[in-house]
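Chemist: This is model.txt (compact mmCIF, C-alpha atoms).
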# COMPACT_ATOMS: atom_id res chain seq x y z
CA MET H 1 -28.61 14.66 -6.55
CA PRO H 2 -28.59 16.79 -9.71
CA VAL H 3 -25.30 17.69 -11.38
CA ILE H 4 -24.39 21.27 -10.42
CA THR H 5 -22.45 23.25 -13.02
CA THR H 6 -23.73 26.82 -12.57
CA ILE H 7 -25.06 29.18 -9.93
CA GLU H 8 -28.42 28.94 -11.69
CA ASP H 9 -28.48 25.20 -10.91
CA LEU H 10 -28.07 26.05 -7.23
CA ARG H 11 -30.79 28.69 -7.44
CA LYS H 12 -33.31 26.24 -8.82
CA LEU H 13 -32.50 23.71 -6.11
CA ALA H 14 -32.71 26.34 -3.37
CA GLU H 15 -36.10 27.48 -4.65
CA ARG H 16 -37.39 23.94 -4.13
CA ARG H 17 -35.88 23.44 -0.69
CA VAL H 18 -36.20 26.79 1.12
CA PRO H 19 -39.55 28.08 2.42
CA ARG H 20 -41.03 30.72 0.15
CA VAL H 21 -40.87 33.52 2.71
CA PHE H 22 -37.10 33.13 3.11
CA TYR H 23 -36.30 32.29 -0.51
CA ASP H 24 -38.15 35.41 -1.67
CA TYR H 25 -36.36 37.51 0.93
CA ALA H 26 -33.03 36.63 -0.66
CA ASP H 27 -34.14 36.51 -4.28
CA SER H 28 -35.99 39.80 -4.71
CA GLY H 29 -35.51 43.53 -5.10
CA SER H 30 -37.44 46.64 -4.20
CA TRP H 31 -40.43 48.13 -6.06
CA THR H 32 -40.41 47.08 -9.74
CA GLU H 33 -37.07 45.25 -9.33
CA GLN H 34 -35.57 47.19 -12.25
CA THR H 35 -32.23 47.73 -10.51
CA TYR H 36 -32.24 44.14 -9.25
CA ARG H 37 -32.57 42.89 -12.83
CA GLU H 38 -30.07 45.33 -14.35
CA ASN H 39 -27.43 44.30 -11.83
CA THR H 40 -27.18 41.06 -13.80
CA THR H 41 -28.26 42.09 -17.32
CA ASP H 42 -25.65 44.87 -17.46
CA PHE H 43 -22.96 42.20 -17.12
CA GLU H 44 -24.46 40.39 -20.10
CA LYS H 45 -24.04 43.46 -22.33
CA ILE H 46 -20.26 43.30 -22.07
CA ARG H 47 -18.50 40.67 -24.17
CA LEU H 48 -15.06 39.13 -23.74
CA ARG H 49 -12.05 39.42 -26.04
CA GLN H 50 -10.60 35.99 -26.77
CA ARG H 51 -6.86 35.65 -27.35
CA VAL H 52 -5.04 32.58 -28.69
CA ALA H 53 -1.50 31.18 -28.82
CA VAL H 54 -0.79 32.78 -25.45
CA ASN H 55 0.97 30.85 -22.70
CA MET H 56 -1.82 30.02 -20.25
CA GLU H 57 0.22 27.83 -17.92
CA GLY H 58 0.79 28.82 -14.33
CA ARG H 59 -2.41 30.84 -13.95
CA SER H 60 -3.33 32.07 -10.50
CA THR H 61 -6.43 33.75 -9.16
CA LYS H 62 -4.74 34.59 -5.85
CA THR H 63 -4.56 38.20 -4.73
CA THR H 64 -5.24 40.29 -1.62
CA MET H 65 -8.22 42.17 -0.18
CA VAL H 66 -7.34 44.92 2.34
CA GLY H 67 -4.04 43.15 2.93
CA GLN H 68 -5.53 39.69 3.40
CA GLU H 69 -4.40 36.93 1.03
CA VAL H 70 -7.33 35.34 -0.80
CA ALA H 71 -7.70 32.38 -3.14
CA MET H 72 -9.63 34.60 -5.53
CA PRO H 73 -10.88 38.20 -5.33
CA VAL H 74 -14.33 37.20 -4.11
CA ALA H 75 -15.73 37.69 -0.61
CA LEU H 76 -19.05 36.52 0.81
CA SER H 77 -21.32 39.53 1.29
CA PRO H 78 -23.22 40.15 4.51
CA VAL H 79 -26.74 38.75 4.13
CA GLY H 80 -29.40 39.07 6.80
CA LEU H 81 -31.37 35.99 7.85
CA THR H 82 -28.76 33.66 6.38
CA GLY H 83 -29.50 31.21 9.17
CA MET H 84 -33.08 30.88 7.91
CA GLN H 85 -31.96 29.70 4.47
CA HIS H 86 -30.42 26.67 6.19
CA ALA H 87 -29.96 25.78 9.83
CA ASP H 88 -26.88 27.53 11.31
CA GLY H 89 -26.41 29.12 7.90
CA GLU H 90 -23.89 31.76 8.89
CA ILE H 91 -21.69 29.15 10.55
CA ARG H 92 -21.87 26.85 7.52
CA ALA H 93 -21.06 29.68 5.11
CA ALA H 94 -18.19 30.98 7.24
CA GLN H 95 -16.66 27.51 7.48
CA ALA H 96 -16.91 27.02 3.72
CA ALA H 97 -15.33 30.42 3.04
CA GLU H 98 -12.53 29.76 5.52
CA LYS H 99 -11.69 26.42 3.93
CA PHE H 100 -11.78 27.88 0.43
CA GLY H 101 -9.63 30.87 1.36
CA VAL H 102 -11.98 33.83 0.88
CA PRO H 103 -13.47 36.30 3.40
CA PHE H 104 -16.85 35.79 4.99
CA THR H 105 -18.78 38.85 6.20
CA LEU H 106 -21.29 38.39 9.01
CA SER H 107 -24.36 40.64 8.95
CA THR H 108 -25.61 42.60 11.94
CA MET H 109 -29.00 40.99 11.14
CA SER H 110 -27.66 37.45 11.28
CA ILE H 111 -29.31 34.48 12.96
CA CYS H 112 -26.03 33.11 14.31
CA SER H 113 -24.24 35.63 16.51
CA ILE H 114 -20.72 37.00 16.25
CA GLU H 115 -19.74 34.68 19.08
CA ASP H 116 -21.44 31.66 17.45
CA VAL H 117 -19.42 32.09 14.25
CA ALA H 118 -16.16 32.81 16.10
CA ALA H 119 -16.53 29.61 18.13
CA ALA H 120 -17.07 27.54 14.98
CA THR H 121 -14.20 28.96 12.88
CA GLU H 122 -10.43 29.13 13.22
CA LYS H 123 -9.53 32.20 11.14
CA PRO H 124 -10.81 35.78 11.47
CA PHE H 125 -13.94 36.74 9.55
CA TRP H 126 -15.34 40.20 8.78
CA PHE H 127 -18.26 41.90 10.50
CA GLN H 128 -20.80 44.20 8.85
CA LEU H 129 -22.29 47.00 10.93
CA TYR H 130 -25.63 48.78 10.65
CA VAL H 131 -25.60 51.91 12.77
CA MET H 132 -28.74 51.92 14.91
CA ARG H 133 -30.26 54.84 16.81
CA ASP H 134 -29.13 53.05 19.95
CA ARG H 135 -25.48 54.10 19.74
CA GLU H 136 -24.62 52.12 22.84
CA PHE H 137 -25.80 48.96 21.08
CA ALA H 138 -23.74 49.85 17.98
CA GLU H 139 -20.68 50.40 20.14
CA GLY H 140 -21.32 47.04 21.76
CA LEU H 141 -21.40 45.34 18.36
CA ILE H 142 -18.05 46.88 17.44
CA ASP H 143 -16.53 45.79 20.74
CA ARG H 144 -17.92 42.26 20.36
CA ALA H 145 -16.49 42.01 16.83
CA LYS H 146 -13.09 43.11 18.13
CA ALA H 147 -13.26 40.60 20.97
CA ALA H 148 -14.12 37.85 18.48
CA GLY H 149 -11.02 38.67 16.44
CA CYS H 150 -12.83 39.97 13.34
CA SER H 151 -10.23 41.33 10.93
CA ALA H 152 -12.31 43.97 9.13
CA LEU H 153 -15.37 46.08 9.84
CA VAL H 154 -17.76 46.68 6.92
CA LEU H 155 -19.95 49.71 7.55
CA THR H 156 -23.11 49.70 5.42
CA LEU H 157 -24.43 53.19 4.68
CA ASP H 158 -27.34 52.53 2.32
CA LEU H 159 -29.89 51.21 4.83
CA GLN H 160 -30.92 54.25 6.82
CA MET H 161 -34.42 53.33 5.72
CA ILE H 162 -35.62 50.12 4.13
CA GLY H 163 -36.61 50.07 0.47
CA GLN H 164 -40.09 48.67 -0.10
CA ARG H 165 -39.84 45.02 -1.10
CA HIS H 166 -43.24 43.88 -2.26
CA LYS H 167 -42.60 40.15 -1.87
CA ASP H 168 -41.60 40.57 1.78
CA ILE H 169 -44.76 42.53 2.51
CA LYS H 170 -46.96 39.94 0.83
CA ASN H 171 -45.17 37.09 2.59
CA GLY H 172 -45.46 38.74 5.99
CA LEU H 173 -41.70 38.87 6.47
CA GLY H 174 -40.67 40.97 9.44
CA ALA H 175 -38.53 40.74 12.55
CA PRO H 176 -39.64 38.18 13.53
CA PRO H 177 -41.43 36.75 10.45
CA LYS H 178 -45.20 36.34 10.77
CA LEU H 179 -46.36 32.74 10.98
CA THR H 180 -49.23 33.10 8.54
CA VAL H 181 -51.22 30.07 7.42
CA ALA H 182 -49.61 30.27 3.99
CA ASN H 183 -46.12 30.38 5.50
CA MET H 184 -46.77 27.46 7.82
CA VAL H 185 -48.22 25.33 5.02
CA ASN H 186 -45.25 26.11 2.77
CA MET H 187 -42.75 25.35 5.54
CA SER H 188 -44.42 22.02 6.24
CA TRP H 189 -43.53 20.89 2.72
CA LYS H 190 -39.83 21.75 3.14
CA LEU H 191 -38.88 18.64 5.12
CA ARG H 192 -35.13 18.93 4.67
CA TRP H 193 -35.19 22.54 5.85
CA GLY H 194 -37.52 21.75 8.74
CA LEU H 195 -35.45 18.87 10.07
CA GLY H 196 -32.40 21.09 10.09
CA MET H 197 -34.17 23.87 11.96
CA LEU H 198 -35.42 21.42 14.58
CA GLN H 199 -31.83 20.44 15.31
CA THR H 200 -30.60 23.97 16.06
CA HIS H 201 -31.46 26.46 18.78
CA ARG H 202 -30.41 29.39 16.58
CA ARG H 203 -33.67 30.77 15.17
CA THR H 204 -33.65 34.44 16.11
CA PHE H 205 -31.43 37.50 15.59
CA ARG H 206 -28.76 36.48 18.08
CA ASN H 207 -26.68 39.63 17.62
CA ILE H 208 -29.64 41.60 18.96
CA VAL H 209 -31.77 39.52 21.34
CA GLY H 210 -30.19 39.61 24.77
CA HIS H 211 -27.79 42.38 23.76
CA ALA H 212 -30.01 45.38 22.94
CA LYS H 213 -31.78 47.08 25.82
CA GLY H 214 -35.35 45.85 26.23
CA VAL H 215 -34.97 43.01 23.70
CA GLU H 216 -34.97 39.75 25.61
CA ASN H 217 -37.27 37.74 23.35
CA MET H 218 -38.76 37.57 19.85
CA GLY H 219 -41.87 39.46 20.91
CA GLN H 220 -39.86 42.55 21.82
CA LEU H 221 -37.67 42.34 18.72
CA HIS H 222 -40.23 43.72 16.25
CA ASP H 223 -40.82 46.98 18.10
CA TRP H 224 -37.09 47.53 18.55
CA THR H 225 -36.07 46.92 14.93
CA SER H 226 -38.90 49.05 13.53
CA GLN H 227 -37.49 52.07 15.35
CA GLN H 228 -33.76 51.52 15.08
CA PHE H 229 -32.62 52.23 11.52
CA ASP H 230 -31.15 55.73 11.83
CA GLN H 231 -32.28 58.21 9.19
CA SER H 232 -30.18 60.94 10.85
CA LEU H 233 -26.86 59.17 10.09
CA THR H 234 -24.35 61.45 8.30
CA TRP H 235 -20.70 61.41 7.29
CA ASP H 236 -19.93 63.14 10.59
CA ASP H 237 -20.80 59.89 12.39
CA ILE H 238 -18.13 57.90 10.58
CA ASP H 239 -15.20 59.14 12.65
CA TRP H 240 -16.24 57.63 15.98
CA ILE H 241 -17.03 54.31 14.32
CA ARG H 242 -13.64 54.09 12.63
CA GLU H 243 -11.80 55.21 15.75
CA ARG H 244 -13.61 52.78 18.05
CA TRP H 245 -12.93 49.94 15.63
CA GLY H 246 -9.27 50.75 15.03
CA GLY H 247 -8.70 48.10 12.34
CA LYS H 248 -9.30 47.54 8.65
CA PHE H 249 -12.32 49.67 7.75
CA ILE H 250 -14.55 49.18 4.69
CA ILE H 251 -17.50 51.36 3.65
CA LYS H 252 -20.28 49.62 1.71
CA GLY H 253 -23.12 51.12 -0.32
CA ILE H 254 -21.29 53.60 -2.57
CA LEU H 255 -22.92 54.39 -5.93
CA ASP H 256 -21.74 57.95 -6.52
CA ALA H 257 -18.25 59.32 -7.22
CA GLU H 258 -18.70 62.17 -4.73
CA ASP H 259 -19.68 59.72 -2.00
CA ALA H 260 -16.62 57.65 -2.89
CA LYS H 261 -14.39 60.68 -2.32
CA LEU H 262 -16.08 61.34 1.03
CA ALA H 263 -15.45 57.73 2.05
CA VAL H 264 -11.77 58.10 1.17
CA ALA H 265 -11.61 61.28 3.25
CA LYS H 266 -13.01 59.31 6.19
CA GLY H 267 -10.14 56.84 6.03
CA ALA H 268 -11.79 53.84 4.37
CA ASP H 269 -9.30 51.10 3.53
CA ALA H 270 -11.76 49.98 0.86
CA ILE H 271 -15.13 51.02 -0.51
CA ILE H 272 -17.74 48.64 -1.89
CA VAL H 273 -19.62 49.84 -4.95
CA SER H 274 -23.05 48.39 -4.17
CA ASN H 275 -26.76 49.10 -4.50
CA HIS H 276 -27.64 46.51 -1.85
CA GLY H 277 -28.45 43.95 -4.51
CA GLY H 278 -31.22 46.15 -5.93
CA ARG H 279 -33.07 46.02 -2.61
CA GLN H 280 -33.01 49.72 -1.75
CA LEU H 281 -33.43 52.48 -4.37
CA ASP H 282 -35.18 50.92 -7.34
CA GLY H 283 -34.24 52.86 -10.47
CA ALA H 284 -30.66 53.39 -9.32
CA LEU H 285 -27.96 52.38 -11.77
CA SER H 286 -26.40 48.94 -11.52
CA SER H 287 -23.17 48.68 -9.57
CA LEU H 288 -21.36 47.73 -12.77
CA ALA H 289 -22.60 50.84 -14.59
CA VAL H 290 -21.04 53.23 -12.05
CA LEU H 291 -17.91 51.21 -11.27
CA GLU H 292 -15.48 52.85 -13.70
CA ASP H 293 -16.45 56.39 -12.72
CA ILE H 294 -15.87 55.59 -9.06
CA VAL H 295 -12.52 53.92 -9.78
CA LYS H 296 -11.42 57.04 -11.68
CA ALA H 297 -12.65 59.31 -8.89
CA VAL H 298 -10.60 57.68 -6.13
CA GLY H 299 -7.59 56.44 -8.10
CA ASP H 300 -5.19 54.55 -5.87
CA GLN H 301 -6.30 56.27 -2.66
CA THR H 302 -8.27 53.22 -1.55
CA GLU H 303 -9.29 49.80 -2.79
CA VAL H 304 -12.49 49.73 -4.83
CA HIS H 305 -14.53 46.56 -4.41
CA MET H 306 -17.79 45.74 -6.21
CA ASP H 307 -20.99 43.99 -5.08
CA SER H 308 -24.45 43.30 -6.60
CA GLY H 309 -25.32 41.14 -9.57
CA ILE H 310 -22.39 38.72 -9.74
CA ARG H 311 -23.52 35.23 -10.72
CA SER H 312 -20.43 33.81 -12.41
CA GLY H 313 -16.67 33.90 -12.62
CA GLN H 314 -17.02 35.77 -15.90
CA ASP H 315 -18.90 38.51 -14.03
CA VAL H 316 -16.01 38.66 -11.57
CA LEU H 317 -13.53 39.03 -14.42
CA LYS H 318 -15.54 41.83 -16.03
CA ALA H 319 -15.69 43.78 -12.77
CA LEU H 320 -11.95 43.37 -12.23
CA ALA H 321 -11.22 44.42 -15.81
CA LEU H 322 -13.19 47.62 -15.18
CA GLY H 323 -10.97 48.49 -12.24
CA ALA H 324 -12.39 46.72 -9.19
CA LYS H 325 -9.76 45.30 -6.86
CA ALA H 326 -12.18 42.63 -5.64
CA THR H 327 -15.81 41.51 -5.72
CA TYR H 328 -18.52 40.10 -3.43
CA ILE H 329 -21.22 37.50 -3.89
CA GLY H 330 -24.46 37.41 -1.91
CA ARG H 331 -27.27 35.57 -3.66
CA ALA H 332 -24.81 33.26 -5.43
CA TYR H 333 -23.67 31.69 -2.17
CA ILE H 334 -27.10 31.97 -0.53
CA TYR H 335 -28.51 29.80 -3.33
CA GLY H 336 -25.81 27.25 -2.56
CA LEU H 337 -26.55 27.36 1.15
CA GLY H 338 -30.29 26.91 0.64
CA ALA H 339 -29.71 24.11 -1.82
CA MET H 340 -27.08 22.05 -0.02
CA GLY H 341 -25.96 23.74 3.21
CA GLY H 342 -22.25 24.32 3.68
CA GLU H 343 -21.49 21.92 0.83
CA GLY H 344 -23.57 24.18 -1.44
CA VAL H 345 -21.58 27.27 -0.45
CA THR H 346 -18.40 25.41 -1.34
CA LYS H 347 -19.96 24.39 -4.65
CA ALA H 348 -20.87 28.02 -5.42
CA LEU H 349 -17.29 29.10 -4.75
CA GLU H 350 -15.93 26.25 -6.87
CA VAL H 351 -18.21 27.17 -9.78
CA ILE H 352 -17.16 30.82 -9.69
CA TRP H 353 -13.46 29.98 -9.30
CA LYS H 354 -13.53 27.54 -12.22
CA GLU H 355 -15.30 30.04 -14.47
CA LEU H 356 -12.87 32.81 -13.49
CA ASP H 357 -9.79 30.66 -13.99
CA THR H 358 -10.92 29.27 -17.36
CA THR H 359 -12.03 32.66 -18.67
CA MET H 360 -8.73 34.26 -17.65
CA GLY H 361 -6.87 31.66 -19.69
CA LEU H 362 -9.06 32.05 -22.77
CA CYS H 363 -8.61 35.82 -22.54
CA GLY H 364 -4.84 35.39 -22.47
CA ARG H 365 -4.28 36.38 -18.85
CA ARG H 366 -2.40 34.47 -16.16
CA SER H 367 -2.93 36.68 -13.11
CA ILE H 368 -5.57 38.95 -11.60
CA ALA H 369 -3.21 41.94 -11.95
CA GLU H 370 -3.13 41.51 -15.75
CA LEU H 371 -6.87 41.99 -16.21
CA ASN H 372 -7.88 45.32 -17.75
CA ARG H 373 -10.28 47.00 -20.15
CA GLU H 374 -8.56 45.40 -23.14
CA ASN H 375 -10.14 42.09 -22.13
CA LEU H 376 -13.62 43.46 -22.78
CA ILE H 377 -15.76 44.35 -25.79
CA PHE H 378 -18.50 46.91 -25.21
CA PRO H 379 -21.83 47.14 -27.09
CA GLN H 380 -20.77 50.18 -29.12
CA ASP H 381 -17.68 48.30 -30.35
CA ILE H 382 -19.56 45.25 -31.64
CA PRO H 383 -19.75 45.42 -35.45
CA ALA H 384 -23.14 46.02 -37.06
CA PRO H 385 -25.61 44.43 -37.46
CA PHE H 386 -24.83 42.71 -34.15
CA GLY H 387 -23.95 45.90 -32.30
CA PRO H 388 -25.65 49.32 -32.16
CA VAL H 389 -26.49 50.89 -35.52
CA THR H 390 -26.12 54.70 -35.55
Go through the file and emit its structure as structure tokens.
Modeler:
Amino acid sequence: MPVITTIEDLRKLAERRVPRVFYDYADSGSWTEQTYRENTTDFEKIRLRQRVAVNMEGRSTKTTMVGQEVAMPVALSPVGLTGMQHADGEIRAAQAAEKFGVPFTLSTMSICSIEDVAAATEKPFWFQLYVMRDREFAEGLIDRAKAAGCSALVLTLDLQMIGQRHKDIKNGLGAPPKLTVANMVNMSWKLRWGLGMLQTHRRTFRNIVGHAKGVENMGQLHDWTSQQFDQSLTWDDIDWIRERWGGKFIIKGILDAEDAKLAVAKGADAIIVSNHGGRQLDGALSSLAVLEDIVKAVGDQTEVHMDSGIRSGQDVLKALALGAKATYIGRAYIYGLGAMGGEGVTKALEVIWKELDTTMGLCGRRSIAELNRENLIFPQDIPAPFGPVT
């Protein structure tokens, strides 16, 4: 087993162990992948201000997210098809998050169902909702999440239509995935993955099959999903969702200050600044680039969380220093899951926590609340010739 010290180590291992069709699904963006790339490279442009002879003892990364105590301000993002990265993937990730002390968010498009995850965990997790044209089905999802004891509903607003992802098209990824010759040959080489999948009965979208009208098997799933993403969804639809849910309510997919204000007006307990990991509108700004403007726009009216591009604890610190109350990881934990199952998710969380804790100390901070813009150095402030020359 290789020594794992970074999220990149986990990514390389996952790339070897997960079938190409599913690895590419997680590790790709839309169109040219410009936004996907800039989600990470924009973090690299910001440097850190080191401080010395500061008491670093007694550091703590603990804080809260929508009133829930967390070991660090990092939640696991909702990721579709998680259970195809590793057998029972959503269950394994939820268990790892629960043990570590951070929130896990289950996707509507998960392989393991709401009920599957609830039966395998002891503490409440969060549920992410896509609003489908079939409103009765959407209402059923909300009711099932409530019955399962989910403690927050995350409403994703940036998937009314799916951004074109070239790798998925070329790999024949759909709902369900096409078993092309290339896919079958590639899967046959992934023995570890294949053995795991043979030992589980969870291989379809279990939140949908058997719950949506007319979807009783995989054959009927494709026609249903191709028609269900609702392009007519507007802010007027938010009220009935929030009222039916009745609990902690988070709106995900905000990239614009005006949209952030609208989300606040709709009673969001938190908003997630996110471009869907660069998988929707290619050419949109990175989540980091718009974060400060959105924080300023909403002030203390709601919590501002940030998603997309985080690959390290230093990235987490930078987002927090720019005003985010908390952050989310998607690919970072998916790499861990694909590489090593639940143990890999734990490793991803450990890597990020260690980097966050160490960086806080070297920046002269002992708590999450102390992080601010003074911890950062921006490109325009780096002395020439290393910084911009005007």
Chemist: So that I can check the surroundings of Glu370 of chain H, please list as a PDB file with C-alpha atoms, keeping the file's coordinate frame every protein, DNA and RNA residue that reaches within 10 Å of it, counting all atoms listed in the file and ignoring chain neighbours fewer than 3 positions away.
Modeler:
ATOM      1  CA  LEU H 320     -11.950  43.370 -12.230  1.00  0.00           C
ATOM      2  CA  ALA H 321     -11.220  44.420 -15.810  1.00  0.00           C
ATOM      3  CA  MET H 360      -8.730  34.260 -17.650  1.00  0.00           C
ATOM      4  CA  GLY H 364      -4.840  35.390 -22.470  1.00  0.00           C
ATOM      5  CA  ARG H 365      -4.280  36.380 -18.850  1.00  0.00           C
ATOM      6  CA  ARG H 366      -2.400  34.470 -16.160  1.00  0.00           C
ATOM      7  CA  SER H 367      -2.930  36.680 -13.110  1.00  0.00           C
ATOM      8  CA  GLU H 374      -8.560  45.400 -23.140  1.00  0.00           C
ATOM      9  CA  ASN H 375     -10.140  42.090 -22.130  1.00  0.00           C
TER      10      ASN H 375
END
Chemist: Which residues are close to Gly330 of chain H, i.e. within 9 Å by all atoms listed in the file, leaving aside same-chain residues fewer than 2 positions away? Reply as a list of chain:residue names.
Modeler: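 In the requested format, the answer is H:Ala26, H:Ala75, H:Leu76, H:Ser77, H:Pro78, H:Val79, H:Gly277, H:Asp307, H:Ser308, H:Gly309, H:Ile310, H:Tyr328, H:Ala332, H:Tyr333, H:Ile334, H:Tyr335.
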Chemist: Please report the interatomic distance between atom CA of Gly194 of chain H and atom CA of Arg17 of chain H in Å with one decimal.
Modeler: 9.7 Å
Chemist: Just the number, please: distance in Å from atom CA of Arg206 of chain H to atom CA of Cys112 of chain H, one decimal.
Modeler: 5.7 Å
Chemist: Tell me, in Å to one decimal, how far atom CA of Arg135 of chain H is from atom CA of Ala212 of chain H.
Modeler: 10.3 Å
Chemist: With only C-alpha atoms as the basis for distance, which of H:Pro379, H:Gly342, H:Gly313, H:Pro385 is at the shortest distance from Thr61 of chain H?
Modeler: H:Gly313
Chemist: Could you tell me which of H:Arg242, H:Lys45, H:Lys266, H:Arg279 comes closest to Trp31 of chain H if we count all atoms listed in the file?
Modeler: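 Between H:Arg242, H:Lys45, H:Lys266, H:Arg279, the residue approaching Trp31 of chain H most closely is H:Arg279.
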Chemist: Which neighbours of Met197 of chain H fall inside 9 Å, counting all atoms listed in the file, when residues of the same chain fewer than 3 positions from it are skipped, and could you give them as a PDB file with C-alpha atoms, in the frame of the given file?
Modeler:
ATOM      1  CA  MET H  84     -33.080  30.880   7.910  1.00  0.00           C
ATOM      2  CA  HIS H  86     -30.420  26.670   6.190  1.00  0.00           C
ATOM      3  CA  ALA H  87     -29.960  25.780   9.830  1.00  0.00           C
ATOM      4  CA  ASP H  88     -26.880  27.530  11.310  1.00  0.00           C
ATOM      5  CA  ARG H 192     -35.130  18.930   4.670  1.00  0.00           C
ATOM      6  CA  TRP H 193     -35.190  22.540   5.850  1.00  0.00           C
ATOM      7  CA  GLY H 194     -37.520  21.750   8.740  1.00  0.00           C
ATOM      8  CA  THR H 200     -30.600  23.970  16.060  1.00  0.00           C
ATOM      9  CA  HIS H 201     -31.460  26.460  18.780  1.00  0.00           C
ATOM     10  CA  ARG H 202     -30.410  29.390  16.580  1.00  0.00           C
ATOM     11  CA  ARG H 203     -33.670  30.770  15.170  1.00  0.00           C
TER      12      ARG H 203
END
Chemist: Name the residues in contact with Glu343 of chain H at a cut-off of 12 Å, using all atoms listed in the file, excluding same-chain residues fewer than 6 positions from it; report them as a ChimeraX atom specification.
Modeler: /H:4,10,86,89,92-97,99-100,333-337,349-350
Chemist: Pick out the residues sitting within 12 Å of Asn183 of chain H, and hand them over as a list of chain:residue names; count all atoms listed in the file, and ignore anything fewer than 3 positions along from it in its own chain.
Modeler: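 Here the qualifying residues turn out to be H:Val18, H:Pro19, H:Arg20, H:Val21, H:Phe22, H:Tyr23, H:Asp24, H:Asp168, H:Lys170, H:Asn171, H:Gly172, H:Leu173, H:Pro177, H:Lys178, H:Leu179, H:Thr180, H:Asn186, H:Met187, H:Ser188, H:Trp189, H:Lys190.
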Chemist: Using all atoms of segment 222-239 of chain H that appear in the file, construct an axis-aligned enclosing box with 4 Å of padding on every side and provide its centre coordinates and edge lengths in Å, rounded to one decimal, as AutoDock Vina command-line options.
Modeler:
--center_x -28.0 --center_y 53.4 --center_z 12.9 --size_x 33.6 --size_y 27.4 --size_z 19.3
Chemist: May I ask which of the residues H:Glu115, H:Ala339, H:Val185, H:Ile368 is the closest one to Arg11 of chain H, counting only C-alpha atoms?
Modeler: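 Among H:Glu115, H:Ala339, H:Val185, H:Ile368, it is H:Ala339 that comes nearest to Arg11 of chain H.
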Chemist: Which residue out of H:Ala182, H:Leu262, H:Ala138, H:Leu13 has the minimum interatomic distance to Lys213 of chain H when all atoms listed in the file are used?
Modeler: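 Ranking H:Ala182, H:Leu262, H:Ala138, H:Leu13 by distance to Lys213 of chain H, first place goes to H:Ala138.
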